[in-house]
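Trainee: Quick one: the structure is below, questions incoming.
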Amino acid sequence: MKLAYELAIENDYITSDMVEVSEYPDLIRKYQVRGVPKTVVNDTVEFVGALPEAEFVAQVLRGVIPAGLENR
Amino acid sequence: MSLLGEKEQVIVSEQFQRLENPVRMIHFTQGLMCDTCPETQRLLEDLASLSDKVTLEVHNFAIEQELAAQFQVARVPATVIQTEKDFGIRLYGLPSGYEFASLLHAILAVSRSATELSEESKTLLRSVTTPTHIQVFVTPT
C-alpha cells in the first residue's frame, strides 16, 4: 500500500485508493477480490500480492493509458 | 476514550515529530448504515490530537454530497490525506492493523511531499501523462 501512495505523490496523474474491502461487498463482487492485497490499475490491470517496488511500478505502467487515447 | 493505547500514542507522536508541512485529513462520514464510521472518526480524532500539524475536517457524506463529489468520494467512511495540495490519496474504511501503519506512512509522506522511490522508478513514472487510478484492496489484519 505504501508504494501506491508514493506513486500518487510522485506523479500528479496518479491517484491511489486504499480500500478496506470487507466493508464494501459490492467492490468484492465487482473486482472479484479473493486474495489481498489486490491491486487494480485503471480497471484493466490487476495483480494479487505485495510486489517489490520495481515490479509494482512495472505493473502500474502496464495499466497506463497512452496519451491521446485516454478519452476514447 | 482514546482508541490508541498509551504506547501507540507515544510511537505516533514520535513519528509525527518528522512532519514538515501541515497535513489535512478530510473525512467523510455518515450516521446511518455505516458500521465503521464512528470508530474511524475516533481514530482520526486521536491522530489529529497528537500533532498541531495534523488537522481533521469532518463532513457529513449524506448532506455534503457536492463536496464529496469534488473530492471524488463515493462511499464512506472515506478520508482524503493531503497538504494544501491534493495528491489523490484516499482511504476507504477503518484503517486497522497493517493499514494503520500505511495511514501513518501516507501522512508522513504527503507532509514531506517526497517519496523513498528509487531514481529508476521516478524516471519511469515521469512517462505517466494520463489519469491513472490505482486501487489497493485489503482486509483487516
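Identifiers in this document derive from the order of the C-alpha cells: chains are assigned A, B, ..., residues are numbered from 1 separately in each chain, and ligands are numbered from 1 in order of occurrence.
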Applying 9 Å and only C-alpha atoms, which residues near segment 31-45 of chain A remain after dropping the ones on its own chain fewer than 6 positions away? List them as a PDB file with all heavy atoms, in the first residue's frame.
Mentor:
```pdb
ATOM      1  N   MET A   1       0.820  -1.212   0.000  1.00  0.00           N
ATOM      2  CA  MET A   1       0.000   0.000   0.000  1.00  0.00           C
ATOM      3  C   MET A   1       0.849   1.255   0.000  1.00  0.00           C
ATOM      4  O   MET A   1       0.516   2.241  -0.632  1.00  0.00           O
ATOM      5  CB  MET A   1      -0.904  -0.032   1.234  1.00  0.00           C
ATOM      6  CG  MET A   1      -1.944   1.058   1.223  1.00  0.00           C
ATOM      7  SD  MET A   1      -2.987   0.965  -0.235  1.00  0.00           S
ATOM      8  CE  MET A   1      -2.779   2.579  -0.948  1.00  0.00           C
ATOM      9  N   VAL A  21     -11.690  -3.624   1.938  1.00  0.00           N
ATOM     10  CA  VAL A  21     -12.743  -4.099   1.047  1.00  0.00           C
ATOM     11  C   VAL A  21     -13.828  -4.908   1.770  1.00  0.00           C
ATOM     12  O   VAL A  21     -14.955  -5.014   1.280  1.00  0.00           O
ATOM     13  CB  VAL A  21     -12.110  -4.888  -0.127  1.00  0.00           C
ATOM     14  CG1 VAL A  21     -11.634  -6.256   0.331  1.00  0.00           C
ATOM     15  CG2 VAL A  21     -13.055  -4.965  -1.299  1.00  0.00           C
ATOM     16  N   GLN A  59       3.991  -3.044 -13.218  1.00  0.00           N
ATOM     17  CA  GLN A  59       2.579  -3.442 -13.359  1.00  0.00           C
ATOM     18  C   GLN A  59       1.688  -2.220 -13.538  1.00  0.00           C
ATOM     19  O   GLN A  59       0.763  -2.227 -14.354  1.00  0.00           O
ATOM     20  CB  GLN A  59       2.128  -4.240 -12.128  1.00  0.00           C
ATOM     21  CG  GLN A  59       2.750  -5.611 -11.994  1.00  0.00           C
ATOM     22  CD  GLN A  59       2.200  -6.589 -13.028  1.00  0.00           C
ATOM     23  OE1 GLN A  59       1.142  -6.395 -13.591  1.00  0.00           O
ATOM     24  NE2 GLN A  59       2.950  -7.649 -13.284  1.00  0.00           N
ATOM     25  N   VAL A  60       1.963  -1.174 -12.765  1.00  0.00           N
ATOM     26  CA  VAL A  60       1.159   0.049 -12.888  1.00  0.00           C
ATOM     27  C   VAL A  60       1.315   0.632 -14.297  1.00  0.00           C
ATOM     28  O   VAL A  60       0.333   1.023 -14.933  1.00  0.00           O
ATOM     29  CB  VAL A  60       1.559   1.087 -11.810  1.00  0.00           C
ATOM     30  CG1 VAL A  60       0.929   2.449 -12.107  1.00  0.00           C
ATOM     31  CG2 VAL A  60       1.133   0.591 -10.422  1.00  0.00           C
ATOM     32  N   LEU A  61       2.537   0.645 -14.799  1.00  0.00           N
ATOM     33  CA  LEU A  61       2.781   1.207 -16.135  1.00  0.00           C
ATOM     34  C   LEU A  61       2.023   0.421 -17.212  1.00  0.00           C
ATOM     35  O   LEU A  61       1.580   0.984 -18.206  1.00  0.00           O
ATOM     36  CB  LEU A  61       4.288   1.235 -16.441  1.00  0.00           C
ATOM     37  CG  LEU A  61       5.109   2.222 -15.601  1.00  0.00           C
ATOM     38  CD1 LEU A  61       6.586   2.104 -15.933  1.00  0.00           C
ATOM     39  CD2 LEU A  61       4.634   3.663 -15.792  1.00  0.00           C
ATOM     40  N   ARG A  62       1.837  -0.885 -16.991  1.00  0.00           N
ATOM     41  CA  ARG A  62       1.054  -1.688 -17.943  1.00  0.00           C
ATOM     42  C   ARG A  62      -0.379  -1.182 -18.053  1.00  0.00           C
ATOM     43  O   ARG A  62      -1.034  -1.335 -19.082  1.00  0.00           O
ATOM     44  CB  ARG A  62       1.014  -3.154 -17.489  1.00  0.00           C
ATOM     45  CG  ARG A  62       2.235  -3.970 -17.844  1.00  0.00           C
ATOM     46  CD  ARG A  62       2.061  -5.404 -17.332  1.00  0.00           C
ATOM     47  NE  ARG A  62       0.842  -6.019 -17.872  1.00  0.00           N
ATOM     48  CZ  ARG A  62       0.041  -6.811 -17.193  1.00  0.00           C
ATOM     49  NH1 ARG A  62       0.295  -7.113 -15.945  1.00  0.00           N
ATOM     50  NH2 ARG A  62      -1.038  -7.322 -17.752  1.00  0.00           N
ATOM     51  N   GLY A  63      -0.874  -0.601 -16.959  1.00  0.00           N
ATOM     52  CA  GLY A  63      -2.264  -0.154 -16.941  1.00  0.00           C
ATOM     53  C   GLY A  63      -2.452   1.278 -17.387  1.00  0.00           C
ATOM     54  O   GLY A  63      -3.593   1.749 -17.493  1.00  0.00           O
ATOM     55  N   VAL A  64      -1.364   1.973 -17.651  1.00  0.00           N
ATOM     56  CA  VAL A  64      -1.463   3.389 -18.033  1.00  0.00           C
ATOM     57  C   VAL A  64      -1.982   3.497 -19.465  1.00  0.00           C
ATOM     58  O   VAL A  64      -1.537   2.770 -20.359  1.00  0.00           O
ATOM     59  CB  VAL A  64      -0.077   4.070 -17.906  1.00  0.00           C
ATOM     60  CG1 VAL A  64      -0.110   5.483 -18.489  1.00  0.00           C
ATOM     61  CG2 VAL A  64       0.351   4.097 -16.442  1.00  0.00           C
ATOM     62  N   ILE A  65      -2.921   4.401 -19.654  1.00  0.00           N
ATOM     63  CA  ILE A  65      -3.490   4.620 -20.992  1.00  0.00           C
ATOM     64  C   ILE A  65      -2.565   5.572 -21.750  1.00  0.00           C
ATOM     65  O   ILE A  65      -2.220   6.638 -21.240  1.00  0.00           O
ATOM     66  CB  ILE A  65      -4.896   5.228 -20.882  1.00  0.00           C
ATOM     67  CG1 ILE A  65      -5.797   4.287 -20.057  1.00  0.00           C
ATOM     68  CG2 ILE A  65      -5.482   5.501 -22.249  1.00  0.00           C
ATOM     69  CD1 ILE A  65      -7.039   4.951 -19.533  1.00  0.00           C
TER      70      ILE A  65
ATOM     71  N   PRO B 131      -4.491  10.250 -16.723  1.00  0.00           N
ATOM     72  CA  PRO B 131      -5.015   9.872 -15.405  1.00  0.00           C
ATOM     73  C   PRO B 131      -4.921   8.361 -15.160  1.00  0.00           C
ATOM     74  O   PRO B 131      -5.346   7.562 -15.999  1.00  0.00           O
ATOM     75  CB  PRO B 131      -6.483  10.321 -15.469  1.00  0.00           C
ATOM     76  CG  PRO B 131      -6.472  11.435 -16.458  1.00  0.00           C
ATOM     77  CD  PRO B 131      -5.447  11.046 -17.492  1.00  0.00           C
ATOM     78  N   THR B 132      -4.321   8.012 -14.045  1.00  0.00           N
ATOM     79  CA  THR B 132      -4.080   6.609 -13.717  1.00  0.00           C
ATOM     80  C   THR B 132      -4.556   6.355 -12.292  1.00  0.00           C
ATOM     81  O   THR B 132      -4.056   6.967 -11.347  1.00  0.00           O
ATOM     82  CB  THR B 132      -2.576   6.286 -13.867  1.00  0.00           C
ATOM     83  OG1 THR B 132      -2.190   6.559 -15.218  1.00  0.00           O
ATOM     84  CG2 THR B 132      -2.280   4.840 -13.526  1.00  0.00           C
ATOM     85  N   HIS B 133      -5.519   5.477 -12.171  1.00  0.00           N
ATOM     86  CA  HIS B 133      -6.162   5.244 -10.883  1.00  0.00           C
ATOM     87  C   HIS B 133      -5.761   3.876 -10.335  1.00  0.00           C
ATOM     88  O   HIS B 133      -6.043   2.850 -10.951  1.00  0.00           O
ATOM     89  CB  HIS B 133      -7.689   5.319 -11.065  1.00  0.00           C
ATOM     90  CG  HIS B 133      -8.449   5.177  -9.802  1.00  0.00           C
ATOM     91  ND1 HIS B 133      -9.710   4.630  -9.741  1.00  0.00           N
ATOM     92  CD2 HIS B 133      -8.131   5.511  -8.525  1.00  0.00           C
ATOM     93  CE1 HIS B 133     -10.134   4.638  -8.498  1.00  0.00           C
ATOM     94  NE2 HIS B 133      -9.204   5.155  -7.733  1.00  0.00           N
ATOM     95  N   ILE B 134      -5.093   3.888  -9.191  1.00  0.00           N
ATOM     96  CA  ILE B 134      -4.679   2.646  -8.545  1.00  0.00           C
ATOM     97  C   ILE B 134      -5.624   2.385  -7.370  1.00  0.00           C
ATOM     98  O   ILE B 134      -5.841   3.274  -6.535  1.00  0.00           O
ATOM     99  CB  ILE B 134      -3.239   2.733  -8.006  1.00  0.00           C
ATOM    100  CG1 ILE B 134      -2.262   3.109  -9.120  1.00  0.00           C
ATOM    101  CG2 ILE B 134      -2.823   1.425  -7.340  1.00  0.00           C
ATOM    102  CD1 ILE B 134      -0.843   3.391  -8.612  1.00  0.00           C
ATOM    103  N   GLN B 135      -6.190   1.192  -7.316  1.00  0.00           N
ATOM    104  CA  GLN B 135      -6.971   0.789  -6.141  1.00  0.00           C
ATOM    105  C   GLN B 135      -6.287  -0.412  -5.496  1.00  0.00           C
ATOM    106  O   GLN B 135      -5.995  -1.393  -6.192  1.00  0.00           O
ATOM    107  CB  GLN B 135      -8.396   0.383  -6.541  1.00  0.00           C
ATOM    108  CG  GLN B 135      -9.208   1.507  -7.136  1.00  0.00           C
ATOM    109  CD  GLN B 135     -10.581   1.012  -7.565  1.00  0.00           C
ATOM    110  OE1 GLN B 135     -11.512   0.999  -6.779  1.00  0.00           O
ATOM    111  NE2 GLN B 135     -10.684   0.589  -8.807  1.00  0.00           N
ATOM    112  N   VAL B 136      -6.027  -0.325  -4.207  1.00  0.00           N
ATOM    113  CA  VAL B 136      -5.460  -1.468  -3.491  1.00  0.00           C
ATOM    114  C   VAL B 136      -6.504  -1.953  -2.496  1.00  0.00           C
ATOM    115  O   VAL B 136      -6.903  -1.208  -1.595  1.00  0.00           O
ATOM    116  CB  VAL B 136      -4.156  -1.101  -2.766  1.00  0.00           C
ATOM    117  CG1 VAL B 136      -3.580  -2.343  -2.092  1.00  0.00           C
ATOM    118  CG2 VAL B 136      -3.137  -0.513  -3.729  1.00  0.00           C
ATOM    119  N   PHE B 137      -6.945  -3.186  -2.697  1.00  0.00           N
ATOM    120  CA  PHE B 137      -7.950  -3.768  -1.814  1.00  0.00           C
ATOM    121  C   PHE B 137      -7.267  -4.591  -0.735  1.00  0.00           C
ATOM    122  O   PHE B 137      -6.441  -5.463  -1.028  1.00  0.00           O
ATOM    123  CB  PHE B 137      -8.916  -4.647  -2.614  1.00  0.00           C
ATOM    124  CG  PHE B 137      -9.646  -3.884  -3.680  1.00  0.00           C
ATOM    125  CD1 PHE B 137      -9.336  -4.053  -5.018  1.00  0.00           C
ATOM    126  CD2 PHE B 137     -10.621  -2.964  -3.339  1.00  0.00           C
ATOM    127  CE1 PHE B 137      -9.999  -3.341  -6.005  1.00  0.00           C
ATOM    128  CE2 PHE B 137     -11.295  -2.238  -4.314  1.00  0.00           C
ATOM    129  CZ  PHE B 137     -10.980  -2.428  -5.647  1.00  0.00           C
ATOM    130  N   VAL B 138      -7.623  -4.295   0.501  1.00  0.00           N
ATOM    131  CA  VAL B 138      -7.023  -5.003   1.632  1.00  0.00           C
ATOM    132  C   VAL B 138      -8.149  -5.444   2.569  1.00  0.00           C
ATOM    133  O   VAL B 138      -9.301  -5.040   2.414  1.00  0.00           O
ATOM    134  CB  VAL B 138      -6.025  -4.104   2.396  1.00  0.00           C
ATOM    135  CG1 VAL B 138      -4.865  -3.709   1.496  1.00  0.00           C
ATOM    136  CG2 VAL B 138      -6.714  -2.854   2.925  1.00  0.00           C
ATOM    137  N   THR B 139      -7.780  -6.277   3.530  1.00  0.00           N
ATOM    138  CA  THR B 139      -8.738  -6.663   4.566  1.00  0.00           C
ATOM    139  C   THR B 139      -8.081  -6.412   5.920  1.00  0.00           C
ATOM    140  O   THR B 139      -6.854  -6.322   6.005  1.00  0.00           O
ATOM    141  CB  THR B 139      -9.136  -8.153   4.462  1.00  0.00           C
ATOM    142  OG1 THR B 139      -7.948  -8.928   4.403  1.00  0.00           O
ATOM    143  CG2 THR B 139      -9.977  -8.409   3.229  1.00  0.00           C
TER     144      THR B 139
END
```
Trainee: Could you pull out all residues of segment 13-135 of chain B with a DSSP call of strand (DSSP E) and give them as a list in words?
Mentor: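 Taking segment 13-135 of chain B and keeping strand (DSSP E) gives Val23, Arg24, Met25, Ile26, His27, Phe28, Thr29, Val54, Thr55, Leu56, Glu57, Val58, His59, Asn60, Ala78, Thr79, Val80, Ile81, Gln82, Ile89, Arg90, Leu91, Tyr92, Thr132, His133, Ile134 and Gln135 of chain B.
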Trainee: As a PyMOL selection string, which residues of chain B does DSSP assign to alpha helix (DSSP H)?
Mentor: chain B and resi 6-16+37-48+65-70+98-112+119-125
Trainee: So, with only C-alpha atoms as the atoms that count, which of B:Leu3, B:Cys37, B:Leu50, B:Leu43 lies closest to chain A?
Mentor: B:Cys37
Trainee: Write out as an MDAnalysis selection string the residues lying within 9 Å of Thr36 of chain B, counting only C-alpha atoms and excluding same-chain residues fewer than 5 positions away.
Mentor: (chainID A and resid 23) or (chainID B and resid 41 76:77 93:94)
Trainee: Please, could you write that set of residues out with C-alpha atoms as a compact mmCIF listing (two decimals), in the first residue's frame?
Mentor:
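Written file, out_1.txt:
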```txt
# COMPACT_ATOMS: atom_id res chain seq x y z
CA GLU A 23 -16.64 -3.09 4.32
CA GLN B 41 -13.69 9.13 13.04
CA VAL B 76 -17.97 6.12 3.41
CA PRO B 77 -16.01 6.16 5.58
CA GLY B 93 -12.83 2.09 5.55
CA LEU B 94 -11.33 1.78 9.00
```
Trainee: Could you check the closest approach to chain B for each of A:Leu7, A:Ile14, A:Val48, A:Ala58 and tell me which residue wins, using only C-alpha atoms?
Mentor: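 Looking only at the distances to chain B, the closest residue turns out to be A:Ile14.
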Trainee: Find the residue from A:Glu53, A:Glu10, A:Glu20, A:Asp26 that sits nearest to Leu125 of chain B; use only C-alpha atoms when measuring.
Mentor: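 Selected residue with least distance to Leu125 of chain B: A:Glu10.
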Trainee: Which polymer residues have any atom within 10 Å of an atom of Phe100 of chain B, counting only C-alpha atoms, with same-chain residues fewer than 4 positions away left out, as JSON, numbers by chain?
Mentor: {"B": [43, 94, 95, 96, 104, 105, 106, 140, 141]}
Trainee: Counting only C-alpha atoms, what is within 10 Å of Phe28 of chain B, bar same-chain residues fewer than 4 positions away, as a list in words?
Mentor: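 Final neighbour list, sorted by chain and number: Cys37, Gln41, Glu57, Val58, His59, Asn60, Phe61, Ala62, Glu64, Gln65, Leu67, Ala68, Phe71, Val73, Ala74, Arg75, Val76, Pro77, Ala78, Thr79, Val80 and Tyr92 of chain B.
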Trainee: Work out how far apart atom CA of Ala67 of chain A and atom CA of Lys30 of chain A are and give it in Å to one decimal.
Mentor: 27.0 Å
Trainee: Between B:Ser49, B:Gln72, B:Thr129, B:Ser2, which residue has the minimum interatomic distance to chain A, considering only C-alpha atoms?
Mentor: B:Thr129
